[in-house]
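First up is the structure itself, then whatever we jot down about it.
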Amino acid sequence: MAAEIGREAADKAGRPVVVAGSVGPTGEIMEPMGALTKASAVEMFHEQAEGLKEGGADVLWVETISAAEEFKAAAEAFALADMPWCGTMSFDTAGRTMMGLTAAELVKLIMKLPNPPVAFGANCGVGASDLIRTTLAFSAAGPERPLIAKGNAGIPKYVDGHIHYDGTPALMAEYALLARSAGATIIGGCCGTMPEHLRAMREALETREPGPRPALEEVVEALGGFSSASDGSGEDAPQRRARTGRRRR
Ligand SMILES: [Zn+2]
């Protein structure tokens with residue numbers, strides 16, 4: 001149903017718009033640590049893939065993955081559905097995924113997949129700065145495929161009984177520019193991202209020139225500190241600090 005709505009909107013856009021069908025993580029832990037078998041993970045992904053294909057999606061998009069096994073199961077399922085796909089993992093645990101993968105390890109995994117994604121990267125996680133640090137780690141690992149950056153609009157805070165993301169459209173515009181300078185070519189927003197964020201990001205990308213690869217200090221300056229000292233691969237990084245940095249537009 002969502003794919004059909006997307007297809008309809010895309011076809012009315014008057015310019016080429018790709019419809020990506022979002023495939024969620026299974027939400028379960030796979031064998032041998034958990035109970036989910038590879039066969040049933042492949043089956044679950046395959047079922048979603050066929051539905052999205054039927055609804056008119058051009059490409060499948062699996063995100064918020066934390067385990068290599070689950071990523072492999074998705075790749076296998078999407079081959080069965082004969083659909084191109086994009087895949088992103090969430091690096092939300094001190095620079096690594098919940099299951100311990102670093103950005104460089106995801107690059108290695110992708111190079112070994114028989115049915116690799118057309119593009120890959122990171123989504124969600126903890127704030128825009130971490131996402132840029134992860135993107136820098138991907139590009140440093142020499143991936144041969146386009147990079148995706150899909151960070152949250154800031155950090156979730158509980159305000160007046162609901163979850164509010166504190167990232168402003170101006171901050172997300174800075175994030176989008178840094179994501180591009182860090183090597184990402186597919187740039188978007190995850191949790192908390194609203195149309196006004198996307199509008200500001202697009203405007204920034206279209207009106208400002210690509211910059212050089214940013215240093216970690218520049219990322220902290222523009223977007224705030226990282227959630228952990230390193231990206232999980234042993235490098236030191238600036239500590240989190242109050243978000244008092246200047247806001248450039
Ligand atoms: Zn998210």
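Identifiers in the structure tokens: chain A, B, ... in order shown; residue index from 1 per chain; ligand index from 1 in order shown.
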Collect all residues with atoms no farther than 7 Å from ligand 1, counting only C-alpha atoms and all ligand atoms, and output them as an mmCIF file with N, CA and C atoms, in the first residue's frame.
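Output saved as result35.cif:
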data_model
loop_
_atom_site.group_PDB
_atom_site.id
_atom_site.type_symbol
_atom_site.label_atom_id
_atom_site.label_comp_id
_atom_site.auth_asym_id
_atom_site.auth_seq_id
_atom_site.Cartn_x
_atom_site.Cartn_y
_atom_site.Cartn_z
ATOM 1 N N ASN A 123 22.192 4.488 8.690
ATOM 2 C CA ASN A 123 20.989 5.257 9.004
ATOM 3 C C ASN A 123 20.772 5.244 10.515
ATOM 4 N N CYS A 124 19.961 6.171 10.963
ATOM 5 C CA CYS A 124 19.540 6.245 12.366
ATOM 6 C C CYS A 124 20.758 6.425 13.276
ATOM 7 N N GLY A 125 20.799 5.733 14.389
ATOM 8 C CA GLY A 125 21.950 5.848 15.277
ATOM 9 C C GLY A 125 21.787 6.980 16.270
ATOM 10 N N ASN A 152 19.576 10.788 11.912
ATOM 11 C CA ASN A 152 18.408 11.324 12.602
ATOM 12 C C ASN A 152 18.502 12.844 12.685
ATOM 13 N N CYS A 190 16.704 10.311 8.868
ATOM 14 C CA CYS A 190 15.952 9.203 9.466
ATOM 15 C C CYS A 190 15.010 9.793 10.518
ATOM 16 N N CYS A 191 14.953 9.186 11.698
ATOM 17 C CA CYS A 191 13.969 9.583 12.717
ATOM 18 C C CYS A 191 13.986 11.085 12.982
#
Subject >> Selection: 7 Å around A:Ala141, only C-alpha atoms, excl. self and same-chain fewer than 3 positions, as a count of residues only >> reply: 4
Subject >> Counting only C-alpha atoms, the residue of A:Pro143, A:Ala57, A:Ser230, A:Gly224 that sits nearest A:Arg7 >> reply: A:Ala57
Original post:
stretch 7-202 of chain A: which residues are alpha helix (DSSP H) by DSSP, as a PyMOL selection string?
Top reply: chain A and resi 7-11+38-54+68-80+103-112+127-140+169-181+195-202
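Computed from the coordinates, the atom CA of A:Leu109 to atom CA of A:Trp85 distance equals 15.2 Å.
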Subject >> Residues within 12 Å of A:Ala39, only C-alpha atoms, excluding chain neighbours under 5 positions, as a ChimeraX atom specification >> reply: /A:30-31,44-46,69-70,72-74,76-77
**OP:** Assign secondary structure with DSSP using the backbone only, and return the residues of stretch 33-175 of chain A in strand (DSSP E or B) as a PyMOL selection string.
**Re:** chain A and resi 36+59-65+85-89+93+96+119-123+147-151+156-159+162-165
**OP:** Rank nothing, just name the residue among A:Met83, A:Ala75, A:Ala173, A:Ala68 nearest to A:Leu101, using only C-alpha atoms.
**Re:**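 Closest candidate: A:Ala68.
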**OP:** Pick out the closest residue to A:Glu63 from this set: A:Gly189, A:Arg213, A:Tyr175, A:Gly87. Count only C-alpha atoms.
**Re:**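 Nearest to A:Glu63: A:Gly87.
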Subject >> Who sits within 9 Å of A:Met201, only C-alpha atoms, same chain under 5 positions skipped, as a list in words >> reply: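 In the requested format, the answer is Pro169, Ala170, Leu171, Met172, Ala173, Glu174, Tyr175, Ala176, Leu177, Ile187, Gly188, Glu196 and Glu206 of chain A.
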With C-alpha atoms retained, export the selected residues as a short mmCIF file (atom, residue, chain, number, x, y, z; two decimals), in the first residue's frame.
data_model
loop_
_atom_site.label_atom_id
_atom_site.label_comp_id
_atom_site.auth_asym_id
_atom_site.auth_seq_id
_atom_site.Cartn_x
_atom_site.Cartn_y
_atom_site.Cartn_z
CA PRO A 169 16.48 22.37 9.71
CA ALA A 170 19.65 24.54 9.82
CA LEU A 171 21.57 21.78 11.62
CA MET A 172 20.36 19.17 9.15
CA ALA A 173 21.47 21.41 6.27
CA GLU A 174 24.99 21.45 7.78
CA TYR A 175 24.78 17.70 8.26
CA ALA A 176 23.83 17.21 4.59
CA LEU A 177 26.80 19.30 3.41
CA ILE A 187 21.77 11.86 1.59
CA GLY A 188 18.61 11.87 3.65
CA GLU A 196 11.23 21.38 6.55
CA GLU A 206 22.03 22.79 -4.36
#
**OP:** Give me the residues within 7 Å of stretch 154-162 of chain A as a VMD selection string, counting only C-alpha atoms and dropping any in the same chain fewer than 3 places off.
**Re:** chain A and resid 126 to 128 165 to 167
**OP:** Rank nothing, just name the residue among A:Thr88, A:Thr102, A:Ser227, A:Thr64 nearest to A:Pro117, using only C-alpha atoms.
**Re:** A:Thr88
Subject >> Contacts of A:Ala9 at 12 Å (only C-alpha atoms; same-chain gap of 6+ positions) as a list in words >> reply: Ala2, Ala3, Arg15, Pro16, Val17, Val18, Val19, Gly56 and Ala57 of chain A
Would you mind exporting the chosen residues as a PDB file, in the first residue's frame, restricted to C-alpha atoms?
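The result, written out as out-v2.pdb:
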ATOM      1  CA  ALA A   2       2.725   2.502   0.955  1.00  0.00           C
ATOM      2  CA  ALA A   3       4.644   1.536  -2.184  1.00  0.00           C
ATOM      3  CA  ARG A  15      10.722  14.508 -13.090  1.00  0.00           C
ATOM      4  CA  PRO A  16      12.388  11.146 -12.448  1.00  0.00           C
ATOM      5  CA  VAL A  17      11.743  10.056  -8.859  1.00  0.00           C
ATOM      6  CA  VAL A  18      12.887   6.664  -7.610  1.00  0.00           C
ATOM      7  CA  VAL A  19      10.519   4.840  -5.277  1.00  0.00           C
ATOM      8  CA  GLY A  56       5.600  -0.501  -7.682  1.00  0.00           C
ATOM      9  CA  ALA A  57       8.838   0.097  -5.764  1.00  0.00           C
TER      10      ALA A  57
END
Subject >> A:Ser139, A:Asn115, A:Ser233, A:Ser129 ranked by distance to A:Pro84, top pick (using only C-alpha atoms) >> reply: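 Using only C-alpha atoms, the shortest distance to A:Pro84 belongs to A:Asn115.
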Subject >> Point-to-point distance in Å for atom CA of A:Pro114 and atom CA of A:Met33 >> reply: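 Atom CA of A:Met33 sits 24.3 Å away from atom CA of A:Pro114.
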**OP:** Report the distance between atom CA of A:Ala229 and atom CA of A:Ala94 in Å, rounded to one decimal place.
**Re:** 7.6 Å
